[in-house]
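The structure file protein.csv is reproduced below (CSV, C-alpha atoms).
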chain,number,residue,atom,x,y,z
A,1,MET,CA,-14.7,147.7,61.7
A,2,ASP,CA,-15.9,146.1,58.5
A,3,LYS,CA,-13.9,148.4,56.3
A,4,PRO,CA,-11.5,146.3,54.2
A,5,VAL,CA,-8.4,148.1,55.7
A,6,MET,CA,-9.5,147.0,59.2
A,7,ARG,CA,-10.3,143.5,58.2
A,8,SER,CA,-6.6,142.9,57.4
A,9,TYR,CA,-5.7,143.9,61.0
A,10,ARG,CA,-8.2,141.8,62.8
A,11,TYR,CA,-6.8,139.2,65.1
A,12,ARG,CA,-7.0,135.6,63.9
A,13,TRP,CA,-8.4,133.4,66.6
A,14,GLY,CA,-7.4,130.2,65.0
A,15,GLU,CA,-6.0,126.9,66.2
A,16,GLY,CA,-2.6,128.4,66.7
A,17,MET,CA,-3.9,130.9,69.2
A,18,TRP,CA,-6.0,128.4,71.1
A,19,SER,CA,-3.1,125.9,71.4
A,20,HIS,CA,-1.0,128.8,72.8
A,21,VAL,CA,-3.7,130.0,75.2
A,22,PHE,CA,-4.4,126.4,76.5
A,23,HIS,CA,-0.7,125.8,76.8
A,24,ARG,CA,-0.2,128.9,78.9
A,25,LEU,CA,-3.2,128.4,81.1
A,26,SER,CA,-2.5,124.7,81.7
A,27,GLY,CA,1.2,125.6,82.5
A,28,LEU,CA,0.2,128.2,85.1
A,29,ALA,CA,-2.3,125.8,86.6
A,30,LEU,CA,0.5,123.2,86.9
A,31,VAL,CA,2.9,125.6,88.5
A,32,LEU,CA,0.2,126.4,91.1
A,33,TYR,CA,-0.5,122.7,91.6
A,34,ILE,CA,3.2,121.7,92.0
A,35,SER,CA,3.7,124.5,94.5
A,36,MET,CA,0.8,123.3,96.7
A,37,HIS,CA,1.9,119.7,96.1
A,38,ILE,CA,5.4,120.3,97.6
A,39,TRP,CA,3.8,122.1,100.6
A,40,VAL,CA,1.3,119.2,101.1
A,41,VAL,CA,4.0,116.5,100.8
A,42,HIS,CA,6.3,118.2,103.3
A,43,HIS,CA,3.7,117.2,106.0
A,44,ILE,CA,5.3,113.7,105.9
A,45,GLN,CA,7.8,115.1,108.4
A,46,HIS,CA,4.9,115.3,110.9
A,47,GLY,CA,4.7,111.5,111.2
A,48,GLN,CA,2.6,108.6,109.9
A,49,ALA,CA,-0.7,109.4,111.6
A,50,ALA,CA,-0.8,113.0,110.5
A,51,TYR,CA,0.4,112.2,106.9
A,52,ASP,CA,-2.0,109.3,106.3
A,53,SER,CA,-5.0,111.3,107.6
A,54,LEU,CA,-4.1,114.1,105.3
A,55,MET,CA,-3.9,111.6,102.4
A,56,ASP,CA,-7.3,110.2,103.4
A,57,LEU,CA,-8.7,113.8,103.2
A,58,LEU,CA,-7.2,114.2,99.7
A,59,HIS,CA,-8.9,111.0,98.6
A,60,LYS,CA,-12.3,112.5,99.1
A,61,PRO,CA,-14.5,112.8,95.9
A,62,MET,CA,-13.9,116.6,95.6
A,63,PHE,CA,-10.1,116.1,95.4
A,64,ARG,CA,-10.5,113.2,93.0
A,65,VAL,CA,-12.4,115.4,90.6
A,66,GLY,CA,-9.4,117.8,91.1
A,67,GLU,CA,-7.1,115.0,90.2
A,68,ALA,CA,-9.0,114.4,87.0
A,69,LEU,CA,-8.6,118.1,86.1
A,70,LEU,CA,-4.9,117.8,87.0
A,71,LEU,CA,-4.6,114.9,84.6
A,72,ALA,CA,-6.3,117.0,81.9
A,73,ALA,CA,-3.8,119.8,82.4
A,74,ILE,CA,-0.9,117.4,82.4
A,75,LEU,CA,-2.0,115.7,79.3
A,76,TYR,CA,-2.6,118.8,77.3
A,77,HIS,CA,0.6,120.6,78.5
A,78,SER,CA,2.9,117.6,77.9
A,79,ILE,CA,1.4,116.3,74.6
A,80,ASN,CA,1.1,119.8,73.1
A,81,GLY,CA,4.6,120.5,74.5
A,82,MET,CA,5.8,117.5,72.4
A,83,ARG,CA,4.0,119.0,69.4
A,84,LEU,CA,5.8,122.3,70.0
A,85,VAL,CA,9.2,120.7,70.3
A,86,VAL,CA,8.7,118.8,67.1
A,87,MET,CA,7.6,122.0,65.3
A,88,ASP,CA,10.5,123.9,66.8
A,89,GLY,CA,12.7,121.3,65.1
A,90,GLY,CA,11.2,122.5,61.9
A,91,VAL,CA,9.0,119.4,61.4
A,92,GLY,CA,5.3,119.6,60.7
A,93,MET,CA,4.7,123.4,60.7
A,94,ARG,CA,2.5,122.9,57.6
A,95,TRP,CA,0.1,120.6,59.6
A,96,HIS,CA,0.0,122.7,62.7
A,97,ARG,CA,-3.8,123.0,62.5
A,98,SER,CA,-4.5,119.3,62.1
A,99,THR,CA,-1.9,118.3,64.7
A,100,PHE,CA,-3.6,120.7,67.2
A,101,TRP,CA,-6.8,118.8,66.7
A,102,LEU,CA,-4.9,115.5,67.0
A,103,VAL,CA,-3.5,116.6,70.3
A,104,PHE,CA,-6.9,117.7,71.4
A,105,ALA,CA,-8.4,114.4,70.5
A,106,ILE,CA,-5.7,112.3,72.3
A,107,CYS,CA,-6.1,114.5,75.4
A,108,ALA,CA,-9.9,114.1,75.3
A,109,ILE,CA,-9.8,110.3,75.0
A,110,LEU,CA,-7.0,109.8,77.6
A,111,GLY,CA,-8.4,112.5,79.9
A,112,ILE,CA,-11.9,111.2,80.0
A,113,ALA,CA,-10.8,107.6,80.3
A,114,GLY,CA,-8.2,108.3,82.9
A,115,GLY,CA,-10.4,110.8,84.7
A,116,ILE,CA,-13.3,108.3,85.1
A,117,VAL,CA,-10.8,105.8,86.6
A,118,LEU,CA,-9.5,108.5,89.1
A,119,VAL,CA,-12.9,109.7,90.2
A,120,PHE,CA,-14.9,106.4,90.2
A,121,PHE,CA,-12.5,103.5,90.2
A,122,SER,CA,-9.5,104.8,92.2
A,123,ALA,CA,-7.8,101.6,93.3
A,124,GLY,CA,-7.6,100.9,97.0
A,125,ALA,CA,-10.1,103.6,98.0
A,126,ARG,CA,-10.6,103.4,101.8
A,127,VAL,CA,-13.8,105.4,101.8
B,1,MET,CA,17.5,142.7,80.5
B,2,ARG,CA,20.2,140.4,79.2
B,3,GLN,CA,19.6,138.4,76.0
B,4,THR,CA,19.8,134.8,77.0
B,5,GLY,CA,16.9,133.7,75.0
B,6,SER,CA,18.4,130.8,73.0
B,7,TYR,CA,19.9,128.9,76.0
B,8,THR,CA,16.8,129.2,78.1
B,9,TRP,CA,14.6,128.3,75.2
B,10,LEU,CA,16.7,125.1,74.7
B,11,LEU,CA,16.8,124.3,78.4
B,12,GLN,CA,13.0,124.7,78.6
B,13,ARG,CA,12.5,122.2,75.8
B,14,LEU,CA,15.1,119.7,77.2
B,15,SER,CA,13.6,119.9,80.7
B,16,GLY,CA,10.1,119.5,79.2
B,17,VAL,CA,11.0,116.3,77.4
B,18,ILE,CA,12.7,114.8,80.5
B,19,LEU,CA,9.8,115.9,82.7
B,20,PHE,CA,7.3,114.1,80.4
B,21,ALA,CA,9.1,110.8,81.0
B,22,LEU,CA,9.5,111.3,84.7
B,23,LEU,CA,5.9,112.4,85.1
B,24,VAL,CA,4.5,109.3,83.3
B,25,VAL,CA,6.3,107.2,86.0
B,26,HIS,CA,5.3,109.4,88.9
B,27,PHE,CA,1.6,109.8,87.9
B,28,ALA,CA,1.1,106.2,87.0
B,29,LEU,CA,2.7,105.0,90.2
B,30,MET,CA,1.0,107.5,92.5
B,31,HIS,CA,-2.5,107.6,91.0
B,32,TYR,CA,-3.1,104.3,89.2
B,33,MET,CA,-1.2,101.7,91.2
B,34,GLY,CA,-3.3,101.8,94.3
B,35,PHE,CA,-4.0,104.4,97.0
B,36,GLU,CA,-1.5,102.8,99.4
B,37,LYS,CA,1.3,103.9,97.2
B,38,ARG,CA,0.8,107.4,98.6
B,39,LEU,CA,0.7,106.4,102.2
B,40,TYR,CA,3.4,106.9,104.7
B,41,ALA,CA,4.7,103.3,104.8
B,42,ASP,CA,5.1,103.1,101.0
B,43,VAL,CA,6.7,106.5,100.7
B,44,LEU,CA,9.1,105.5,103.5
B,45,ARG,CA,10.0,102.3,101.6
B,46,ARG,CA,10.6,104.1,98.3
B,47,LEU,CA,12.7,106.9,99.9
B,48,SER,CA,14.9,104.3,101.7
B,49,ASN,CA,16.2,103.6,98.2
B,50,PRO,CA,18.8,106.2,97.0
B,51,LEU,CA,17.6,105.8,93.4
B,52,TRP,CA,14.1,107.0,94.3
B,53,LYS,CA,15.6,109.9,96.2
B,54,THR,CA,17.7,110.8,93.2
B,55,PHE,CA,14.6,110.4,91.0
B,56,ASP,CA,12.6,112.7,93.3
B,57,LEU,CA,15.4,115.3,93.5
B,58,ILE,CA,15.8,115.5,89.7
B,59,PHE,CA,12.0,115.6,89.3
B,60,LEU,CA,11.8,118.4,91.9
B,61,SER,CA,14.5,120.6,90.4
B,62,LEU,CA,13.4,120.2,86.8
B,63,ALA,CA,9.7,120.7,87.5
B,64,LEU,CA,10.3,123.8,89.6
B,65,SER,CA,12.8,125.4,87.2
B,66,HIS,CA,10.6,124.6,84.1
B,67,GLY,CA,7.4,125.8,85.8
B,68,TRP,CA,8.8,129.1,87.3
B,69,TYR,CA,10.8,129.8,84.2
B,70,GLY,CA,7.5,129.5,82.4
B,71,VAL,CA,5.9,132.1,84.8
B,72,TRP,CA,8.9,134.4,84.0
B,73,ALA,CA,8.2,134.0,80.3
B,74,VAL,CA,4.6,135.0,80.8
B,75,VAL,CA,5.7,138.0,82.9
B,76,GLN,CA,8.0,139.1,80.1
B,77,ASP,CA,5.1,139.1,77.8
B,78,TYR,CA,3.0,141.5,79.9
B,79,VAL,CA,5.5,143.5,82.0
B,80,THR,CA,7.6,145.8,79.9
B,81,ARG,CA,9.3,148.2,82.4
B,82,ASP,CA,12.7,146.9,83.6
B,83,ALA,CA,12.0,148.0,87.2
B,84,TRP,CA,8.8,145.9,87.4
B,85,ARG,CA,10.5,143.0,85.7
B,86,ILE,CA,13.2,143.0,88.3
B,87,VAL,CA,10.6,143.0,91.0
B,88,CYS,CA,8.8,140.1,89.4
B,89,LEU,CA,12.0,138.1,88.8
B,90,THR,CA,12.9,138.6,92.4
B,91,VAL,CA,9.5,137.3,93.6
B,92,ILE,CA,9.7,134.3,91.1
B,93,VAL,CA,13.3,133.3,92.2
B,94,THR,CA,12.4,133.7,95.9
B,95,ILE,CA,9.3,131.5,95.6
B,96,GLY,CA,11.1,128.9,93.4
B,97,LEU,CA,14.1,128.6,95.7
B,98,SER,CA,11.8,128.4,98.8
B,99,LEU,CA,9.8,125.6,97.3
B,100,PHE,CA,13.0,123.9,96.2
B,101,SER,CA,14.4,124.1,99.8
B,102,LEU,CA,11.1,122.7,101.2
B,103,GLY,CA,11.1,119.8,98.7
B,104,LEU,CA,14.8,119.2,99.2
B,105,VAL,CA,14.5,119.0,103.0
B,106,THR,CA,11.4,116.7,102.7
B,107,VAL,CA,13.2,114.3,100.3
B,108,VAL,CA,16.7,114.3,101.9
B,109,SER,CA,15.9,114.3,105.6
B,110,PHE,CA,13.0,111.9,105.5
B,111,HIS,CA,13.7,108.6,107.3
B,112,ALA,CA,11.9,106.5,109.9
Go through the file and emit its structure as structure tokens.
Amino acid sequence: MDKPVMRSYRYRWGEGMWSHVFHRLSGLALVLYISMHIWVVHHIQHGQAAYDSLMDLLHKPMFRVGEALLLAAILYHSINGMRLVVMDGGVGMRWHRSTFWLVFAICAILGIAGGIVLVFFSAGARV
Amino acid sequence: MRQTGSYTWLLQRLSGVILFALLVVHFALMHYMGFEKRLYADVLRRLSNPLWKTFDLIFLSLALSHGWYGVWAVVQDYVTRDAWRIVCLTVIVTIGLSLFSLGLVTVVSFHA
């Protein structure tokens, strides 16, 4: 594998590939989420008592951690999505590596801060 | 398969940008403005306003089309045989339309 001719064919696992892999995985996770979300919300047709007890269940710690993960997926997919739209417009291709890390940093900061609020300081918690 | 790449590419980016704006409103309201915003009474109050119904219906259609079109794009990367692609596309469209109908019924028919 270390022959020079093979070296030129080796796949480059750089920032571009990771940004693509994360975009795809977060997108698939979000499709799965929104599908479950629509199914959950349709229970509102079953009346106030049924719906509110379902919402109480979804406010338990396990689901709030899930909410933080949801936030992380949303942040990455939307902010990296904006990066892709800008680059599709022909702007900033030269800086695609540094903008990937910029997106990553913004997501980490907003995701950790927002996630802590969701898990520990969720307003109006009835538990 | 037909070549419709450039239109769907553009639509995917347009819906993505609009979804970003709608999602900021939706997520901030539902997850950071208090738990009661998710409860029956509050949902009822919002959905009695036609503007919120419109918001939800636009959000629903854009999110589902953007998401399931994305799944179709992933499928096209891995499934090369036309017959299997048609099977996958049928499954994707069926699931997407079923979820759309479920969401549509929920938003439109909901009243006290």
Excluding stretch 53-64 of chain A and its own-chain neighbours fewer than 4 positions away, which residues fall within 7 Å of it when counting only C-alpha atoms? Please give them as a VMD selection string. (chain A and resid 49 68 118 to 119) or (chain B and resid 39)
Pick out the chain A residues within 10 Å of chain B. Count all atoms listed in the file. Give them as a PyMOL selection string. chain A and resi 24+27-32+34-39+41-45+47-56+59+64+67+71+74-75+77-79+81-82+84-85+88+114+117-118+121-126
In Å, with one decimal, what is the gap from atom CA of A:Trp95 to atom CA of A:Arg83? 10.7 Å
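Atom to atom, atom CA of B:Val91 and atom CA of B:Ser15 stand 22.0 Å apart.
Note that atom CA of B:Thr8 and atom CA of B:Ser61 are 15.2 Å apart.
Between A:Ala113 and the residues A:His96, A:Arg12, A:Ala72, A:Gly66, the shortest atom-to-atom distance, using only C-alpha atoms, involves A:Ala72.
With all atoms listed in the file taken into account, the protein and nucleic acid residues at most 10 Å from B:Leu22 (excluding it and anything under 6 positions from it in its own chain) are B:Gly16, B:Phe55, B:Asp56, B:Ile58, B:Phe59, B:Leu62, B:Ala63.
Distance check against A:Ala105 using all atoms listed in the file: of A:Phe120, A:His20, A:Tyr76, A:Glu15, the minimum falls on A:Tyr76.
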Compile the contact shell of A:Trp18 as a ChimeraX atom specification: residues with an atom at most 12 Å away, counting only C-alpha atoms, same-chain residues fewer than 4 positions apart removed. /A:12-14,22-26,76,80,96-97,100-101,104
